[in-house]
Amino acid sequence: MAIRHIALFRWRDDVAPEGVTRVQEHLARLPGAIPELRAYSFGPDAGISDGAFDFAVVADVDDEDGFAAYRDHPEHQAALGVIRPMLADRAAIQYTLGDAK
């Protein structure tokens, strides 16, 4: 069964827009580098609701093995190397995609 991974980031107060641009550049490379990704999107918060996280990543893969391949891929790890020093907070979830009841 397909799995959706969602990661939410809250940036530290000292993170500049250039840092977020660098994150986006790294993340934009991942769909071409990681064949297990079936769908991939990311972007900054739209700013329409107070208390939201600053940035989100959504990745769909076929199964747990696909998620592990994404998680452990060197290009993903390189992106995390840019992201981690910028983080004030992070939340993540992986759930299976299926028919809604």
# chains A, B, ... in the order shown; residues from 1 in each chain; ligands from 1
$ residues_around --residues "Val58 of chain A" --least-positions-apart "3" --cutoff "9 Å" --atoms "only C-alpha atoms" --output "ChimeraX atom specification"
/A:4-8,39-42
$ write_last_selection --atoms "N, CA and C atoms" --output "mmCIF file, in the first residue's frame"
data_model
loop_
_atom_site.group_PDB
_atom_site.id
_atom_site.type_symbol
_atom_site.label_atom_id
_atom_site.label_comp_id
_atom_site.auth_asym_id
_atom_site.auth_seq_id
_atom_site.Cartn_x
_atom_site.Cartn_y
_atom_site.Cartn_z
ATOM 1 N N ARG A 4 2.390 7.998 2.312
ATOM 2 C CA ARG A 4 2.621 9.442 2.200
ATOM 3 C C ARG A 4 3.429 9.886 3.418
ATOM 4 N N HIS A 5 4.496 10.612 3.138
ATOM 5 C CA HIS A 5 5.348 11.206 4.173
ATOM 6 C C HIS A 5 5.120 12.710 4.143
ATOM 7 N N ILE A 6 4.848 13.286 5.303
ATOM 8 C CA ILE A 6 4.710 14.734 5.424
ATOM 9 C C ILE A 6 5.679 15.214 6.489
ATOM 10 N N ALA A 7 6.491 16.203 6.135
ATOM 11 C CA ALA A 7 7.406 16.832 7.086
ATOM 12 C C ALA A 7 7.087 18.318 7.134
ATOM 13 N N LEU A 8 7.010 18.845 8.336
ATOM 14 C CA LEU A 8 6.740 20.264 8.560
ATOM 15 C C LEU A 8 7.928 20.876 9.286
ATOM 16 N N ALA A 39 5.238 10.908 -6.106
ATOM 17 C CA ALA A 39 4.767 12.297 -6.119
ATOM 18 C C ALA A 39 5.582 13.030 -5.074
ATOM 19 N N TYR A 40 5.867 14.302 -5.352
ATOM 20 C CA TYR A 40 6.718 15.068 -4.446
ATOM 21 C C TYR A 40 6.367 16.540 -4.568
ATOM 22 N N SER A 41 6.090 17.167 -3.448
ATOM 23 C CA SER A 41 5.826 18.607 -3.462
ATOM 24 C C SER A 41 6.362 19.217 -2.178
ATOM 25 N N PHE A 42 6.634 20.499 -2.246
ATOM 26 C CA PHE A 42 7.159 21.214 -1.092
ATOM 27 C C PHE A 42 6.922 22.701 -1.293
#
$ select_by_dssp --residues "chain A" --states "strand (DSSP E or B)" --output "number ranges by chain"
A: 3-11, 39-44, 55-61, 87-96
$ select_by_dssp --residues "chain A" --states "helix (DSSP H, G or I)" --output "ChimeraX atom specification"
/A:17-33,64-72,74-86
$ closest_residue --among "A:Asp45, A:Asp13, A:Asp63, A:Glu25" --to "His76 of chain A" --atoms "only C-alpha atoms"
A:Glu25
$ atom_distance --atom1 "atom CA of Arg38 of chain A" --atom2 "atom CA of Leu97 of chain A"
12.4 Å
$ residues_around --residues "segment 65-71 of chain A" --least-positions-apart "5" --cutoff "10 Å" --atoms "only C-alpha atoms" --output "MDAnalysis selection string"
chainID A and resid 2:5 30:31 33:38 59:60 76:77 80 94
$ write_last_selection --atoms "N, CA, C and O atoms" --output "JSON list (two decimals), in the first residue's frame"
[["chain", "number", "residue", "atom", "x", "y", "z"],
["A", 2, "ALA", "N", 0.52, 2.26, -0.74],
["A", 2, "ALA", "CA", 1.31, 3.48, -0.86],
["A", 2, "ALA", "C", 1.41, 4.21, 0.48],
["A", 2, "ALA", "O", 0.52, 4.13, 1.32],
["A", 3, "ILE", "N", 2.51, 4.91, 0.64],
["A", 3, "ILE", "CA", 2.77, 5.67, 1.86],
["A", 3, "ILE", "C", 2.99, 7.13, 1.50],
["A", 3, "ILE", "O", 3.69, 7.45, 0.54],
["A", 4, "ARG", "N", 2.39, 8.00, 2.31],
["A", 4, "ARG", "CA", 2.62, 9.44, 2.20],
["A", 4, "ARG", "C", 3.43, 9.89, 3.42],
["A", 4, "ARG", "O", 3.09, 9.58, 4.56],
["A", 5, "HIS", "N", 4.50, 10.61, 3.14],
["A", 5, "HIS", "CA", 5.35, 11.21, 4.17],
["A", 5, "HIS", "C", 5.12, 12.71, 4.14],
["A", 5, "HIS", "O", 5.16, 13.32, 3.07],
["A", 30, "LEU", "N", 15.41, 16.20, -5.85],
["A", 30, "LEU", "CA", 15.11, 14.86, -5.36],
["A", 30, "LEU", "C", 14.24, 14.03, -6.30],
["A", 30, "LEU", "O", 14.53, 12.84, -6.49],
["A", 31, "PRO", "N", 13.18, 14.56, -6.89],
["A", 31, "PRO", "CA", 12.37, 13.70, -7.77],
["A", 31, "PRO", "C", 13.17, 13.10, -8.93],
["A", 31, "PRO", "O", 12.91, 11.96, -9.31],
["A", 33, "ALA", "N", 16.35, 12.37, -8.80],
["A", 33, "ALA", "CA", 17.42, 11.54, -8.27],
["A", 33, "ALA", "C", 16.93, 10.27, -7.57],
["A", 33, "ALA", "O", 17.68, 9.32, -7.45],
["A", 34, "ILE", "N", 15.68, 10.28, -7.13],
["A", 34, "ILE", "CA", 15.17, 9.16, -6.33],
["A", 34, "ILE", "C", 13.98, 8.53, -7.05],
["A", 34, "ILE", "O", 12.86, 9.03, -6.98],
["A", 35, "PRO", "N", 14.22, 7.43, -7.74],
["A", 35, "PRO", "CA", 13.15, 6.84, -8.55],
["A", 35, "PRO", "C", 11.96, 6.32, -7.74],
["A", 35, "PRO", "O", 10.87, 6.17, -8.28],
["A", 36, "GLU", "N", 12.14, 6.08, -6.46],
["A", 36, "GLU", "CA", 11.04, 5.59, -5.63],
["A", 36, "GLU", "C", 9.96, 6.64, -5.37],
["A", 36, "GLU", "O", 8.85, 6.30, -4.97],
["A", 37, "LEU", "N", 10.28, 7.91, -5.59],
["A", 37, "LEU", "CA", 9.29, 8.96, -5.38],
["A", 37, "LEU", "C", 8.23, 8.92, -6.47],
["A", 37, "LEU", "O", 8.54, 9.01, -7.65],
["A", 38, "ARG", "N", 6.96, 8.79, -6.08],
["A", 38, "ARG", "CA", 5.84, 8.75, -7.02],
["A", 38, "ARG", "C", 5.22, 10.14, -7.17],
["A", 38, "ARG", "O", 4.71, 10.48, -8.24],
["A", 59, "ALA", "N", 5.82, 13.65, 0.32],
["A", 59, "ALA", "CA", 6.40, 12.65, -0.58],
["A", 59, "ALA", "C", 5.54, 11.40, -0.57],
["A", 59, "ALA", "O", 5.19, 10.90, 0.51],
["A", 60, "ASP", "N", 5.20, 10.90, -1.75],
["A", 60, "ASP", "CA", 4.47, 9.64, -1.88],
["A", 60, "ASP", "C", 5.39, 8.58, -2.48],
["A", 60, "ASP", "O", 6.10, 8.85, -3.46],
["A", 76, "HIS", "N", 18.89, 13.06, -0.54],
["A", 76, "HIS", "CA", 17.98, 13.47, 0.54],
["A", 76, "HIS", "C", 18.78, 13.81, 1.79],
["A", 76, "HIS", "O", 18.50, 14.81, 2.47],
["A", 77, "GLN", "N", 19.78, 13.01, 2.09],
["A", 77, "GLN", "CA", 20.62, 13.29, 3.24],
["A", 77, "GLN", "C", 21.35, 14.62, 3.07],
["A", 77, "GLN", "O", 21.52, 15.37, 4.05],
["A", 80, "LEU", "N", 18.91, 17.31, 3.90],
["A", 80, "LEU", "CA", 18.75, 17.38, 5.35],
["A", 80, "LEU", "C", 19.93, 18.09, 6.02],
["A", 80, "LEU", "O", 19.76, 18.78, 7.02],
["A", 94, "GLN", "N", 4.18, 9.51, 8.61],
["A", 94, "GLN", "CA", 4.04, 8.65, 7.45],
["A", 94, "GLN", "C", 2.74, 7.87, 7.64],
["A", 94, "GLN", "O", 2.53, 7.30, 8.72]]
$ closest_residue --among "A:Ala79, A:Met86, A:Ile93, A:Ile48" --to "Arg29 of chain A" --atoms "only C-alpha atoms"
A:Ala79
$ closest_residue --among "A:Thr21, A:Glu64, A:Met1, A:Asp72" --to "Thr96 of chain A" --atoms "only C-alpha atoms"
A:Met1
$ residues_around --residues "Arg22 of chain A" --least-positions-apart "6" --cutoff "10 Å" --atoms "only C-alpha atoms" --output "ChimeraX atom specification"
/A:28,79,82-83
$ write_last_selection --atoms "all heavy atoms" --output "PDB file, in the first residue's frame"
ATOM      1  N   ALA A  28      14.316  20.353  -4.893  1.00  0.00           N
ATOM      2  CA  ALA A  28      13.900  20.259  -6.294  1.00  0.00           C
ATOM      3  C   ALA A  28      14.661  19.177  -7.053  1.00  0.00           C
ATOM      4  O   ALA A  28      14.157  18.645  -8.047  1.00  0.00           O
ATOM      5  CB  ALA A  28      14.072  21.608  -6.978  1.00  0.00           C
ATOM      6  N   ALA A  79      20.196  17.228   1.418  1.00  0.00           N
ATOM      7  CA  ALA A  79      19.178  18.249   1.675  1.00  0.00           C
ATOM      8  C   ALA A  79      18.961  18.414   3.181  1.00  0.00           C
ATOM      9  O   ALA A  79      18.857  19.539   3.679  1.00  0.00           O
ATOM     10  CB  ALA A  79      17.868  17.888   0.980  1.00  0.00           C
ATOM     11  N   VAL A  82      21.381  20.631   4.899  1.00  0.00           N
ATOM     12  CA  VAL A  82      21.097  22.061   4.770  1.00  0.00           C
ATOM     13  C   VAL A  82      19.952  22.451   5.709  1.00  0.00           C
ATOM     14  O   VAL A  82      19.978  23.507   6.340  1.00  0.00           O
ATOM     15  CB  VAL A  82      20.746  22.406   3.302  1.00  0.00           C
ATOM     16  CG1 VAL A  82      20.285  23.845   3.170  1.00  0.00           C
ATOM     17  CG2 VAL A  82      21.946  22.135   2.395  1.00  0.00           C
ATOM     18  N   ILE A  83      18.948  21.589   5.805  1.00  0.00           N
ATOM     19  CA  ILE A  83      17.740  21.898   6.575  1.00  0.00           C
ATOM     20  C   ILE A  83      17.986  21.889   8.083  1.00  0.00           C
ATOM     21  O   ILE A  83      17.559  22.809   8.793  1.00  0.00           O
ATOM     22  CB  ILE A  83      16.619  20.900   6.204  1.00  0.00           C
ATOM     23  CG1 ILE A  83      16.170  21.126   4.760  1.00  0.00           C
ATOM     24  CG2 ILE A  83      15.460  20.983   7.179  1.00  0.00           C
ATOM     25  CD1 ILE A  83      15.303  20.016   4.198  1.00  0.00           C
TER      26      ILE A  83
END
